[in-house]
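Containing TSV, C-alpha atoms (C1' of nucleotides): structure04.tsv.
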```tsv
chain	number	residue	atom	x	y	z
A	1291	MET	CA	5.01	-12.14	1.01
A	1292	ARG	CA	3.09	-11.63	4.17
A	1293	LEU	CA	4.74	-8.91	6.22
A	1294	THR	CA	3.96	-9.40	9.88
A	1295	ALA	CA	4.91	-7.81	13.16
A	1296	ARG	CA	8.15	-9.75	13.01
A	1297	SER	CA	9.47	-7.60	10.18
A	1298	GLU	CA	8.14	-4.45	11.69
A	1299	TYR	CA	9.68	-5.07	15.09
A	1300	GLY	CA	12.83	-6.63	13.73
A	1301	LEU	CA	13.55	-3.72	11.45
A	1302	LEU	CA	12.98	-1.24	14.25
A	1303	ALA	CA	15.36	-3.20	16.44
A	1304	LEU	CA	18.06	-3.25	13.79
A	1305	ILE	CA	17.62	0.45	13.12
A	1306	ASP	CA	18.16	0.95	16.82
A	1307	LEU	CA	21.37	-1.08	16.64
A	1308	GLY	CA	22.33	0.83	13.53
A	1309	VAL	CA	22.06	4.18	15.27
A	1310	ARG	CA	24.46	2.85	17.93
A	1311	TYR	CA	26.75	0.99	15.56
A	1312	GLY	CA	30.33	1.02	16.87
A	1313	ASP	CA	29.38	1.74	20.48
A	1314	GLY	CA	29.61	-1.87	21.66
A	1315	PRO	CA	26.80	-4.30	22.36
A	1316	VAL	CA	23.30	-3.09	23.08
A	1317	SER	CA	21.13	-5.23	25.31
A	1318	ALA	CA	17.81	-6.59	24.12
A	1319	ARG	CA	16.11	-4.99	27.09
A	1320	GLU	CA	17.35	-1.56	26.07
A	1321	VAL	CA	16.08	-1.99	22.54
A	1322	SER	CA	12.84	-3.41	23.82
A	1323	GLU	CA	12.21	-0.38	26.00
A	1324	ARG	CA	13.28	2.20	23.47
A	1325	GLN	CA	11.30	0.69	20.63
A	1326	CYS	CA	8.39	-0.60	22.67
A	1327	ILE	CA	8.79	-4.19	21.60
A	1328	PRO	CA	7.68	-6.98	23.97
A	1329	ALA	CA	10.94	-8.17	25.52
A	1330	LYS	CA	10.63	-11.92	25.10
A	1331	PHE	CA	9.28	-11.58	21.61
A	1332	LEU	CA	12.21	-9.41	20.67
A	1333	GLU	CA	14.59	-12.06	21.96
A	1334	GLN	CA	13.14	-14.50	19.46
A	1335	LEU	CA	13.57	-12.05	16.63
A	1336	LEU	CA	17.13	-11.27	17.59
A	1337	GLY	CA	17.80	-14.99	17.76
A	1338	ALA	CA	16.60	-15.38	14.19
A	1339	LEU	CA	18.63	-12.39	13.07
A	1340	ARG	CA	21.69	-13.87	14.74
A	1341	LYS	CA	21.21	-17.18	12.96
A	1342	ALA	CA	20.90	-15.24	9.72
A	1343	GLY	CA	24.26	-13.65	10.48
A	1344	LEU	CA	22.99	-10.08	10.70
A	1345	VAL	CA	23.77	-9.55	14.37
A	1346	SER	CA	26.20	-11.07	16.81
A	1347	ALA	CA	25.55	-11.57	20.49
A	1348	MET	CA	27.70	-11.18	23.60
A	1349	ARG	CA	26.42	-13.06	26.60
A	1350	GLY	CA	26.64	-12.20	30.24
A	1351	ALA	CA	26.48	-8.94	32.10
A	1352	ARG	CA	27.22	-5.97	29.85
A	1353	GLY	CA	26.43	-8.21	26.92
A	1354	GLY	CA	24.07	-7.47	24.10
A	1355	PHE	CA	23.76	-7.42	20.36
A	1356	SER	CA	25.59	-5.62	17.60
A	1357	LEU	CA	25.37	-5.55	13.84
A	1358	THR	CA	27.91	-7.79	12.15
A	1359	ARG	CA	28.37	-5.35	9.28
A	1360	GLU	CA	28.15	-1.66	8.61
A	1361	PRO	CA	24.53	-0.53	8.46
A	1362	SER	CA	25.10	0.52	4.87
A	1363	ARG	CA	25.82	-3.09	3.99
A	1364	ILE	CA	22.65	-4.57	5.45
A	1365	THR	CA	19.55	-4.37	3.30
A	1366	VAL	CA	15.95	-4.43	4.39
A	1367	LEU	CA	15.52	-7.51	2.20
A	1368	GLU	CA	17.96	-9.45	4.33
A	1369	VAL	CA	16.09	-8.45	7.46
A	1370	VAL	CA	12.70	-9.35	6.06
A	1371	GLU	CA	13.83	-12.69	4.69
A	1372	ALA	CA	15.57	-13.58	7.93
A	1373	LEU	CA	12.35	-13.01	9.83
A	1374	GLU	CA	9.66	-14.16	7.42
A	1375	GLY	CA	11.36	-16.56	5.07
A	1376	PRO	CA	11.90	-16.09	1.35
A	1377	LEU	CA	9.97	-13.35	-0.34
A	1378	ALA	CA	7.21	-14.96	-2.39
A	1379	PRO	CA	3.79	-13.43	-2.70
A	1380	THR	CA	1.59	-16.43	-3.29
A	1381	SER	CA	1.82	-20.17	-3.06
A	1382	CYS	CA	1.59	-20.19	-6.84
A	1383	ASP	CA	4.44	-18.05	-8.13
A	1384	GLY	CA	5.33	-20.47	-10.89
A	1385	GLY	CA	3.80	-23.28	-8.91
A	1386	SER	CA	1.47	-25.98	-10.07
A	1387	LEU	CA	-2.12	-25.58	-9.01
A	1388	CYS	CA	-4.06	-28.34	-10.73
A	1389	GLY	CA	-1.42	-28.90	-13.38
A	1390	ARG	CA	-1.65	-25.33	-14.60
A	1391	SER	CA	2.08	-25.04	-13.92
A	1392	GLY	CA	3.76	-23.13	-16.72
A	1393	ALA	CA	0.60	-22.26	-18.58
A	1394	CYS	CA	-0.77	-19.92	-15.93
A	1395	ALA	CA	-1.40	-16.38	-17.03
A	1396	ALA	CA	-1.69	-15.15	-13.46
A	1397	ALA	CA	1.76	-16.31	-12.43
A	1398	GLY	CA	3.40	-13.43	-14.27
A	1399	VAL	CA	1.71	-10.78	-12.16
A	1400	TRP	CA	2.66	-12.42	-8.91
A	1401	ALA	CA	6.24	-12.73	-10.06
A	1402	LYS	CA	6.32	-9.09	-11.09
A	1403	ALA	CA	4.93	-8.12	-7.71
A	1404	THR	CA	7.63	-10.08	-5.94
A	1405	ASP	CA	10.29	-8.45	-8.06
A	1406	ALA	CA	8.95	-4.99	-7.33
A	1407	LEU	CA	8.97	-5.67	-3.61
A	1408	ARG	CA	12.40	-7.22	-3.74
A	1409	ASP	CA	13.72	-4.16	-5.52
A	1410	VAL	CA	12.43	-1.79	-2.86
A	1411	PHE	CA	13.77	-3.91	-0.04
A	1412	GLU	CA	17.09	-4.55	-1.69
A	1413	THR	CA	17.86	-0.92	-2.37
A	1414	THR	CA	17.15	0.28	1.12
A	1415	THR	CA	19.84	-0.21	3.73
A	1416	LEU	CA	19.86	0.06	7.48
A	1417	ALA	CA	22.10	3.09	7.12
A	1418	ASP	CA	19.38	4.94	5.19
A	1419	LEU	CA	16.93	4.23	7.96
A	1420	SER	CA	19.26	4.73	10.90
A	1421	VAL	CA	20.30	8.23	9.93
A	1422	ARG	CA	16.67	9.11	9.47
A	1423	GLN	CA	15.86	7.66	12.86
A	1424	ALA	CA	18.75	9.54	14.46
A	1425	ARG	CA	17.42	12.76	13.02
A	1426	PHE	CA	13.96	12.01	14.38
A	1427	ASP	CA	15.48	11.26	17.77
A	1428	SER	CA	17.47	14.48	17.94
A	1429	ASP	CA	14.47	16.47	16.79
A	1430	ALA	CA	12.44	14.89	19.55
A	1431	ALA	CA	15.19	15.74	22.05
A	1432	LYS	CA	15.16	19.35	20.92
A	1433	GLY	CA	11.41	19.36	21.30
A	1434	ARG	CA	11.66	18.19	24.86
A	1435	GLU	CA	14.37	20.76	25.56
A	1436	LYS	CA	12.19	23.54	24.26
A	1437	GLU	CA	9.29	22.30	26.34
A	1438	ARG	CA	11.32	22.43	29.53
A	1439	ALA	CA	12.39	25.99	28.80
B	419	MET	CA	-0.61	-7.03	1.90
B	420	ARG	CA	-1.05	-10.73	2.43
B	421	LEU	CA	-1.95	-12.38	-0.83
B	422	THR	CA	-3.91	-15.52	-0.19
B	423	ALA	CA	-5.65	-18.18	-2.24
B	424	ARG	CA	-8.55	-15.77	-2.59
B	425	SER	CA	-6.57	-13.54	-4.93
B	426	GLU	CA	-5.05	-16.44	-6.74
B	427	TYR	CA	-8.37	-18.17	-7.36
B	428	GLY	CA	-10.28	-14.97	-7.92
B	429	LEU	CA	-7.88	-13.71	-10.54
B	430	LEU	CA	-7.95	-17.03	-12.36
B	431	ALA	CA	-11.72	-16.94	-12.34
B	432	LEU	CA	-11.83	-13.43	-13.77
B	433	ILE	CA	-9.28	-14.32	-16.41
B	434	ASP	CA	-11.57	-17.17	-17.36
B	435	LEU	CA	-14.47	-14.74	-17.64
B	436	GLY	CA	-12.24	-12.36	-19.56
B	437	VAL	CA	-11.42	-14.97	-22.17
B	438	ARG	CA	-15.17	-15.44	-22.72
B	439	TYR	CA	-16.11	-11.79	-22.45
B	440	GLY	CA	-19.10	-11.00	-24.68
B	441	ASP	CA	-20.32	-14.61	-24.94
B	442	GLY	CA	-22.99	-14.26	-22.26
B	443	PRO	CA	-22.90	-15.48	-18.66
B	444	VAL	CA	-20.57	-18.23	-17.58
B	445	SER	CA	-21.63	-20.44	-14.70
B	446	ALA	CA	-19.57	-20.75	-11.57
B	447	ARG	CA	-19.48	-24.49	-12.01
B	448	GLU	CA	-17.88	-24.15	-15.43
B	449	VAL	CA	-15.22	-21.83	-14.11
B	450	SER	CA	-14.70	-24.05	-11.12
B	451	GLU	CA	-14.06	-27.09	-13.29
B	452	ARG	CA	-11.89	-25.36	-15.84
B	453	GLN	CA	-9.75	-23.61	-13.27
B	454	CYS	CA	-9.82	-26.32	-10.63
B	455	ILE	CA	-11.24	-24.09	-7.93
B	456	PRO	CA	-13.40	-25.66	-5.19
B	457	ALA	CA	-16.94	-24.87	-6.27
B	458	LYS	CA	-18.38	-23.53	-3.05
B	459	PHE	CA	-15.30	-21.52	-2.32
B	460	LEU	CA	-15.46	-19.94	-5.75
B	461	GLU	CA	-19.05	-18.93	-5.12
B	462	GLN	CA	-17.92	-16.87	-2.18
B	463	LEU	CA	-15.24	-15.17	-4.20
B	464	LEU	CA	-17.63	-14.38	-7.04
B	465	GLY	CA	-20.03	-12.97	-4.46
B	466	ALA	CA	-17.34	-10.62	-3.24
B	467	LEU	CA	-16.42	-9.64	-6.77
B	468	ARG	CA	-20.05	-8.93	-7.52
B	469	LYS	CA	-20.36	-6.70	-4.47
B	470	ALA	CA	-17.25	-4.89	-5.64
B	471	GLY	CA	-18.96	-4.31	-8.97
B	472	LEU	CA	-16.50	-6.26	-11.07
B	473	VAL	CA	-18.90	-8.97	-12.19
B	474	SER	CA	-22.66	-9.18	-12.58
B	475	ALA	CA	-24.70	-12.30	-12.00
B	476	MET	CA	-27.69	-13.79	-13.79
B	477	ARG	CA	-29.65	-16.24	-11.72
B	478	GLY	CA	-31.53	-19.32	-12.78
B	479	ALA	CA	-30.87	-21.91	-15.41
B	480	ARG	CA	-28.43	-20.74	-18.06
B	481	GLY	CA	-27.38	-18.06	-15.62
B	482	GLY	CA	-23.85	-17.25	-14.59
B	483	PHE	CA	-21.39	-14.44	-14.23
B	484	SER	CA	-19.97	-11.90	-16.60
B	485	LEU	CA	-17.55	-9.01	-16.30
B	486	THR	CA	-19.26	-5.65	-15.93
B	487	ARG	CA	-16.58	-3.90	-17.99
B	488	GLU	CA	-14.18	-4.68	-20.76
B	489	PRO	CA	-11.26	-6.77	-19.51
B	490	SER	CA	-8.95	-3.93	-20.47
B	491	ARG	CA	-10.69	-1.72	-17.96
B	492	ILE	CA	-10.35	-4.01	-14.96
B	493	THR	CA	-7.04	-3.94	-13.13
B	494	VAL	CA	-5.51	-6.62	-10.99
B	495	LEU	CA	-5.48	-4.10	-8.16
B	496	GLU	CA	-9.25	-3.95	-8.18
B	497	VAL	CA	-9.46	-7.71	-8.05
B	498	VAL	CA	-6.99	-8.04	-5.23
B	499	GLU	CA	-8.54	-5.29	-3.15
B	500	ALA	CA	-12.02	-6.70	-3.68
B	501	LEU	CA	-10.86	-10.04	-2.32
B	502	GLU	CA	-8.34	-9.12	0.35
B	503	GLY	CA	-9.20	-5.61	1.41
B	504	PRO	CA	-7.09	-2.50	0.91
B	505	LEU	CA	-3.49	-3.00	-0.05
B	506	ALA	CA	-1.35	-2.21	2.99
B	507	PRO	CA	1.77	-4.18	3.81
B	508	THR	CA	1.97	-3.83	7.56
B	509	SER	CA	-0.21	-2.68	10.38
B	510	CYS	CA	2.19	0.23	10.73
B	511	ASP	CA	2.31	1.99	7.39
B	512	GLY	CA	2.15	5.45	8.91
B	513	GLY	CA	0.49	4.00	11.96
B	514	SER	CA	1.24	4.60	15.57
B	515	LEU	CA	3.05	1.82	17.33
B	516	CYS	CA	3.86	3.08	20.81
B	517	GLY	CA	3.49	6.74	19.82
B	518	ARG	CA	6.22	6.47	17.22
B	519	SER	CA	3.68	7.73	14.69
B	520	GLY	CA	5.28	10.20	12.35
B	521	ALA	CA	8.79	9.78	13.67
B	522	CYS	CA	9.24	6.21	12.47
B	523	ALA	CA	12.09	5.63	10.07
B	524	ALA	CA	10.75	2.23	9.06
B	525	ALA	CA	7.39	3.54	7.87
B	526	GLY	CA	8.95	4.90	4.71
B	527	VAL	CA	10.07	1.50	3.47
B	528	TRP	CA	6.70	-0.08	4.04
B	529	ALA	CA	5.00	2.75	2.22
B	530	LYS	CA	7.39	2.43	-0.69
B	531	ALA	CA	6.74	-1.29	-0.80
B	532	THR	CA	3.01	-0.72	-0.95
B	533	ASP	CA	3.43	1.80	-3.73
B	534	ALA	CA	5.57	-0.60	-5.74
B	535	LEU	CA	2.99	-3.34	-5.38
B	536	ARG	CA	0.16	-1.01	-6.18
B	537	ASP	CA	1.93	0.09	-9.32
B	538	VAL	CA	2.35	-3.46	-10.59
B	539	PHE	CA	-1.23	-4.35	-9.86
B	540	GLU	CA	-2.64	-1.13	-11.24
B	541	THR	CA	-0.86	-1.36	-14.56
B	542	THR	CA	-1.90	-4.92	-15.29
B	543	THR	CA	-5.37	-5.47	-16.65
B	544	LEU	CA	-7.49	-8.53	-17.12
B	545	ALA	CA	-7.11	-8.08	-20.85
B	546	ASP	CA	-3.35	-8.53	-20.58
B	547	LEU	CA	-3.84	-11.76	-18.71
B	548	SER	CA	-6.79	-13.07	-20.69
B	549	VAL	CA	-5.05	-12.91	-24.04
B	550	ARG	CA	-2.09	-14.69	-22.51
B	551	GLN	CA	-4.38	-17.34	-21.09
B	552	ALA	CA	-6.16	-17.75	-24.41
B	553	ARG	CA	-2.82	-18.34	-26.08
B	554	PHE	CA	-1.88	-20.95	-23.49
B	555	ASP	CA	-5.24	-22.62	-24.00
B	556	SER	CA	-4.94	-22.81	-27.76
B	557	ASP	CA	-1.38	-24.09	-27.45
B	558	ALA	CA	-2.60	-26.78	-25.12
B	559	ALA	CA	-5.37	-27.67	-27.56
B	560	LYS	CA	-2.84	-27.98	-30.37
B	561	GLY	CA	-0.73	-30.19	-28.14
B	562	ARG	CA	-3.65	-32.52	-27.52
B	563	GLU	CA	-4.43	-32.54	-31.23
B	564	LYS	CA	-0.91	-33.54	-32.04
B	565	GLU	CA	-1.01	-36.26	-29.42
B	566	ARG	CA	-4.11	-37.80	-30.89
B	567	ALA	CA	-2.54	-37.86	-34.31
C	735	DG	C1'	28.36	-16.23	43.83
C	736	DG	C1'	25.08	-13.25	42.30
C	737	DA	C1'	23.33	-10.13	38.90
C	738	DT	C1'	22.92	-9.49	34.16
C	739	DA	C1'	22.46	-10.95	29.96
C	740	DC	C1'	21.60	-14.30	26.01
C	741	DC	C1'	19.58	-19.16	24.50
C	742	DA	C1'	16.19	-22.79	23.64
C	743	DT	C1'	11.92	-24.72	23.80
C	744	DA	C1'	7.37	-25.21	24.80
C	745	DC	C1'	3.01	-23.41	25.34
C	746	DC	C1'	-1.30	-20.55	24.58
C	747	DG	C1'	-5.29	-17.66	23.09
C	748	DA	C1'	-6.98	-15.15	19.24
C	749	DA	C1'	-7.42	-14.55	14.58
C	750	DG	C1'	-7.30	-15.83	9.88
C	751	DT	C1'	-7.36	-19.45	5.99
C	752	DA	C1'	-9.44	-22.59	3.17
C	753	DG	C1'	-12.76	-24.58	2.59
C	754	DT	C1'	-17.77	-27.34	3.49
C	755	DA	C1'	-22.79	-27.58	4.37
C	756	DG	C1'	-27.34	-26.48	3.77
C	757	DA	C1'	-31.31	-23.91	3.04
C	758	DG	C1'	-33.37	-20.49	0.14
C	759	DA	C1'	-34.48	-17.48	-4.00
C	760	DT	C1'	-34.69	-16.91	-8.99
C	761	DT	C1'	-34.97	-18.10	-13.65
C	762	DG	C1'	-35.33	-20.98	-18.24
C	763	DA	C1'	-37.00	-24.88	-20.20
C	764	DT	C1'	-40.50	-28.42	-20.72
D	315	DA	C1'	-46.75	-25.70	-13.15
D	316	DT	C1'	-42.93	-27.94	-12.28
D	317	DC	C1'	-38.27	-29.08	-12.40
D	318	DA	C1'	-33.58	-28.46	-12.73
D	319	DA	C1'	-29.98	-25.29	-12.93
D	320	DT	C1'	-28.10	-21.48	-10.96
D	321	DC	C1'	-27.00	-17.76	-7.82
D	322	DT	C1'	-27.37	-16.06	-2.56
D	323	DC	C1'	-26.68	-16.16	2.18
D	324	DT	C1'	-25.31	-17.77	6.58
D	325	DA	C1'	-23.16	-20.73	9.45
D	326	DC	C1'	-19.81	-24.02	10.64
D	327	DT	C1'	-15.25	-26.35	11.05
D	328	DA	C1'	-10.58	-28.07	10.89
D	329	DC	C1'	-6.22	-26.21	10.49
D	330	DT	C1'	-2.54	-22.98	10.62
D	331	DT	C1'	-0.40	-18.78	11.84
D	332	DC	C1'	0.38	-14.79	14.73
D	333	DG	C1'	1.73	-12.50	18.59
D	334	DG	C1'	3.12	-13.20	22.33
D	335	DT	C1'	4.27	-15.54	27.46
D	336	DA	C1'	6.62	-18.88	30.54
D	337	DT	C1'	10.17	-21.60	32.09
D	338	DG	C1'	14.50	-23.07	32.61
D	339	DG	C1'	18.62	-23.05	31.18
D	340	DT	C1'	23.92	-21.14	30.07
D	341	DA	C1'	27.57	-17.73	29.76
D	342	DT	C1'	29.94	-13.61	31.55
D	343	DC	C1'	31.15	-9.70	34.44
D	344	DC	C1'	31.82	-7.77	39.00
```
Structure encoded using structure tokens:
Amino acid sequence: MRLTARSEYGLLALIDLGVRYGDGPVSAREVSERQCIPAKFLEQLLGALRKAGLVSAMRGARGGFSLTREPSRITVLEVVEALEGPLAPTSCDGGSLCGRSGACAAAGVWAKATDALRDVFETTTLADLSVRQARFDSDAAKGREKERA
Amino acid sequence: MRLTARSEYGLLALIDLGVRYGDGPVSAREVSERQCIPAKFLEQLLGALRKAGLVSAMRGARGGFSLTREPSRITVLEVVEALEGPLAPTSCDGGSLCGRSGACAAAGVWAKATDALRDVFETTTLADLSVRQARFDSDAAKGREKERA
DNA sequence: GGATACCATACCGAAGTAGTAGAGATTGAT
DNA sequence: ATCAATCTCTACTACTTCGGTATGGTATCC
């Protein structure tokens, strides 16, 4: 269940692509600069997201990445699992520490925790986040405008 | 939010104490053997749980550990936070990566995830788990009985 | 053909995990 | 009083993971 910088960065990157969905490919460098994500690290994440089928890549000059689906049809769960592996909170989780296996009272809590997390991540889509981000961006733009005046 | 072996072992240990709540102190070695937890590692965990005020220790021969409260008044959240630190899923979580700070669309999901986890852990008590464990134990005992017959 | 981009792989330092080791302090029993 | 059982504290270590960086490709546009 460990959520690391991979999820954090990866989600930000996909939100960035979501805001620009339909405008053609967006280069990794652009995303990297806008979202302040180390460029080469981001490449790795985008590679993983491509292999998971969430983004497609166009190579060469004017290339870049785009979402393979509408932002409303990509869940946070997909992003997280693409970057961190399957969502499981502990090594136990129905496992078999010392033959405890089924008869482990603790396992239930861990399973419930996983389910709760899964539910949150599954019911949040990139669209939800991208519109929010777009609003933040435009607010920030207005702020800068005001400042110049 | 990383859940490690500390939580897994620690919770098992406290469940073990919960099952025997009221019977006087239980030695770390006993718990270690029953729950298959490396003895010296368990000592560390019990030390942390003592500092968090969840267990009290009696030193010397016939010493051991006992819960400081009724199992029904100790939540899994307390156990987890005593062993892993405060429950926060990502470094972000309202943080400030590259000055994004408040205007970060992703922060909301991470916060929701934390809340969901917190809720699960807060509404599960040691009593819930201890009675379950006791049932498993007695079932196992019956199984062994049957086998001998 | 060169600039721009993605692709693959390897590497690296720092931190964290899961213990282990050993010496010391405290208590109950004999 | 002594001994064994028990907790307490600190340090150490092998291993893995995390968060990147580096290098050298390959594809595409102009």
What are the nearest atom pairs, with distances in Å to one decimal, for all residues of chain D that come at most 7 Å from chain A, using all atoms listed in the file, set out by chain and rising residue number as a Markdown table?
```
| residue | atom | partner | partner_atom | distance |
| --- | --- | --- | --- | --- |
| D:DG334 | C1' | A:Phe1331 | CA | 6.4 |
| D:DA341 | C1' | A:Gly1350 | CA | 5.6 |
| D:DT342 | C1' | A:Gly1350 | CA | 3.8 |
| D:DC343 | C1' | A:Ala1351 | CA | 5.3 |
```
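Closest to D:DT331 among A:Tyr1311, A:Leu1339, A:Arg1292, A:Asp1418 is A:Arg1292, based on all atoms listed in the file.
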Considering only C-alpha atoms (C1' of nucleotides), tabulate each residue of chain D that lies at most 12 Å from stretch 755-760 of chain C along with its nearest interatomic pair and the corresponding distance in Å to one decimal; arrange the rows by chain and ascending residue number and present them as JSON lines.
```
{"residue": "D:DA319", "atom": "C1'", "partner": "C:DT760", "partner_atom": "C1'", "distance": 10.4}
{"residue": "D:DT320", "atom": "C1'", "partner": "C:DT760", "partner_atom": "C1'", "distance": 8.3}
{"residue": "D:DC321", "atom": "C1'", "partner": "C:DT760", "partner_atom": "C1'", "distance": 7.8}
{"residue": "D:DT322", "atom": "C1'", "partner": "C:DA759", "partner_atom": "C1'", "distance": 7.4}
{"residue": "D:DC323", "atom": "C1'", "partner": "C:DG758", "partner_atom": "C1'", "distance": 8.2}
{"residue": "D:DT324", "atom": "C1'", "partner": "C:DA757", "partner_atom": "C1'", "distance": 9.3}
{"residue": "D:DA325", "atom": "C1'", "partner": "C:DA755", "partner_atom": "C1'", "distance": 8.5}
{"residue": "D:DC326", "atom": "C1'", "partner": "C:DA755", "partner_atom": "C1'", "distance": 7.8}
{"residue": "D:DT327", "atom": "C1'", "partner": "C:DA755", "partner_atom": "C1'", "distance": 10.1}
```
For chain B, work out the contacting residues on chain A at 9 Å, counting only C-alpha atoms, and write them as number ranges by chain.
-> A: 1291-1295, 1297-1298, 1301-1302, 1305, 1325-1327, 1366, 1379-1382, 1387-1388, 1390, 1393-1400, 1402-1404, 1406-1411, 1414, 1418-1424, 1426-1427, 1430
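Near chain B, within 7 Å and using only C-alpha atoms (C1' of nucleotides), the residues of chain C are DG753, DT760, DT761 and DG762 of chain C.
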Using all atoms listed in the file, which residues sit within 8 Å of stretch 1315-1317 of chain A once same-chain residues fewer than 4 positions away are excluded, as an NGL selection string?
-> (:A and (1307 or 1310 or 1321 or 1347-1348 or 1352-1356)) or (:C and (739))
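Atom CA of A:Leu1335 lies 20.4 Å from atom C1' of D:DT330.
Interatomic distance, atom CA of A:Glu1360 to atom CA of A:Glu1333: 21.7 Å.
Look at C:DA744: the protein and nucleic acid residues within 12 Å of it, using only C-alpha atoms (C1' of nucleotides) and passing over chain neighbours fewer than 3 places away, are DT335, DA336, DT337 and DG338 of chain D.
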Restricting it to C-alpha atoms (C1' of nucleotides), dump the selection as a PDB file, in the coordinates of the input.
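Heads up, here's the output in part_22.pdb:
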```
ATOM      1  C1'  DT D 335       4.270 -15.540  27.460  1.00  0.00           C
ATOM      2  C1'  DA D 336       6.620 -18.880  30.540  1.00  0.00           C
ATOM      3  C1'  DT D 337      10.170 -21.600  32.090  1.00  0.00           C
ATOM      4  C1'  DG D 338      14.500 -23.070  32.610  1.00  0.00           C
TER       5       DG D 338
END
```
Quick one: distance from atom CA of B:Ala470 to atom CA of B:Leu495 in Å, one decimal?
-> 12.1 Å
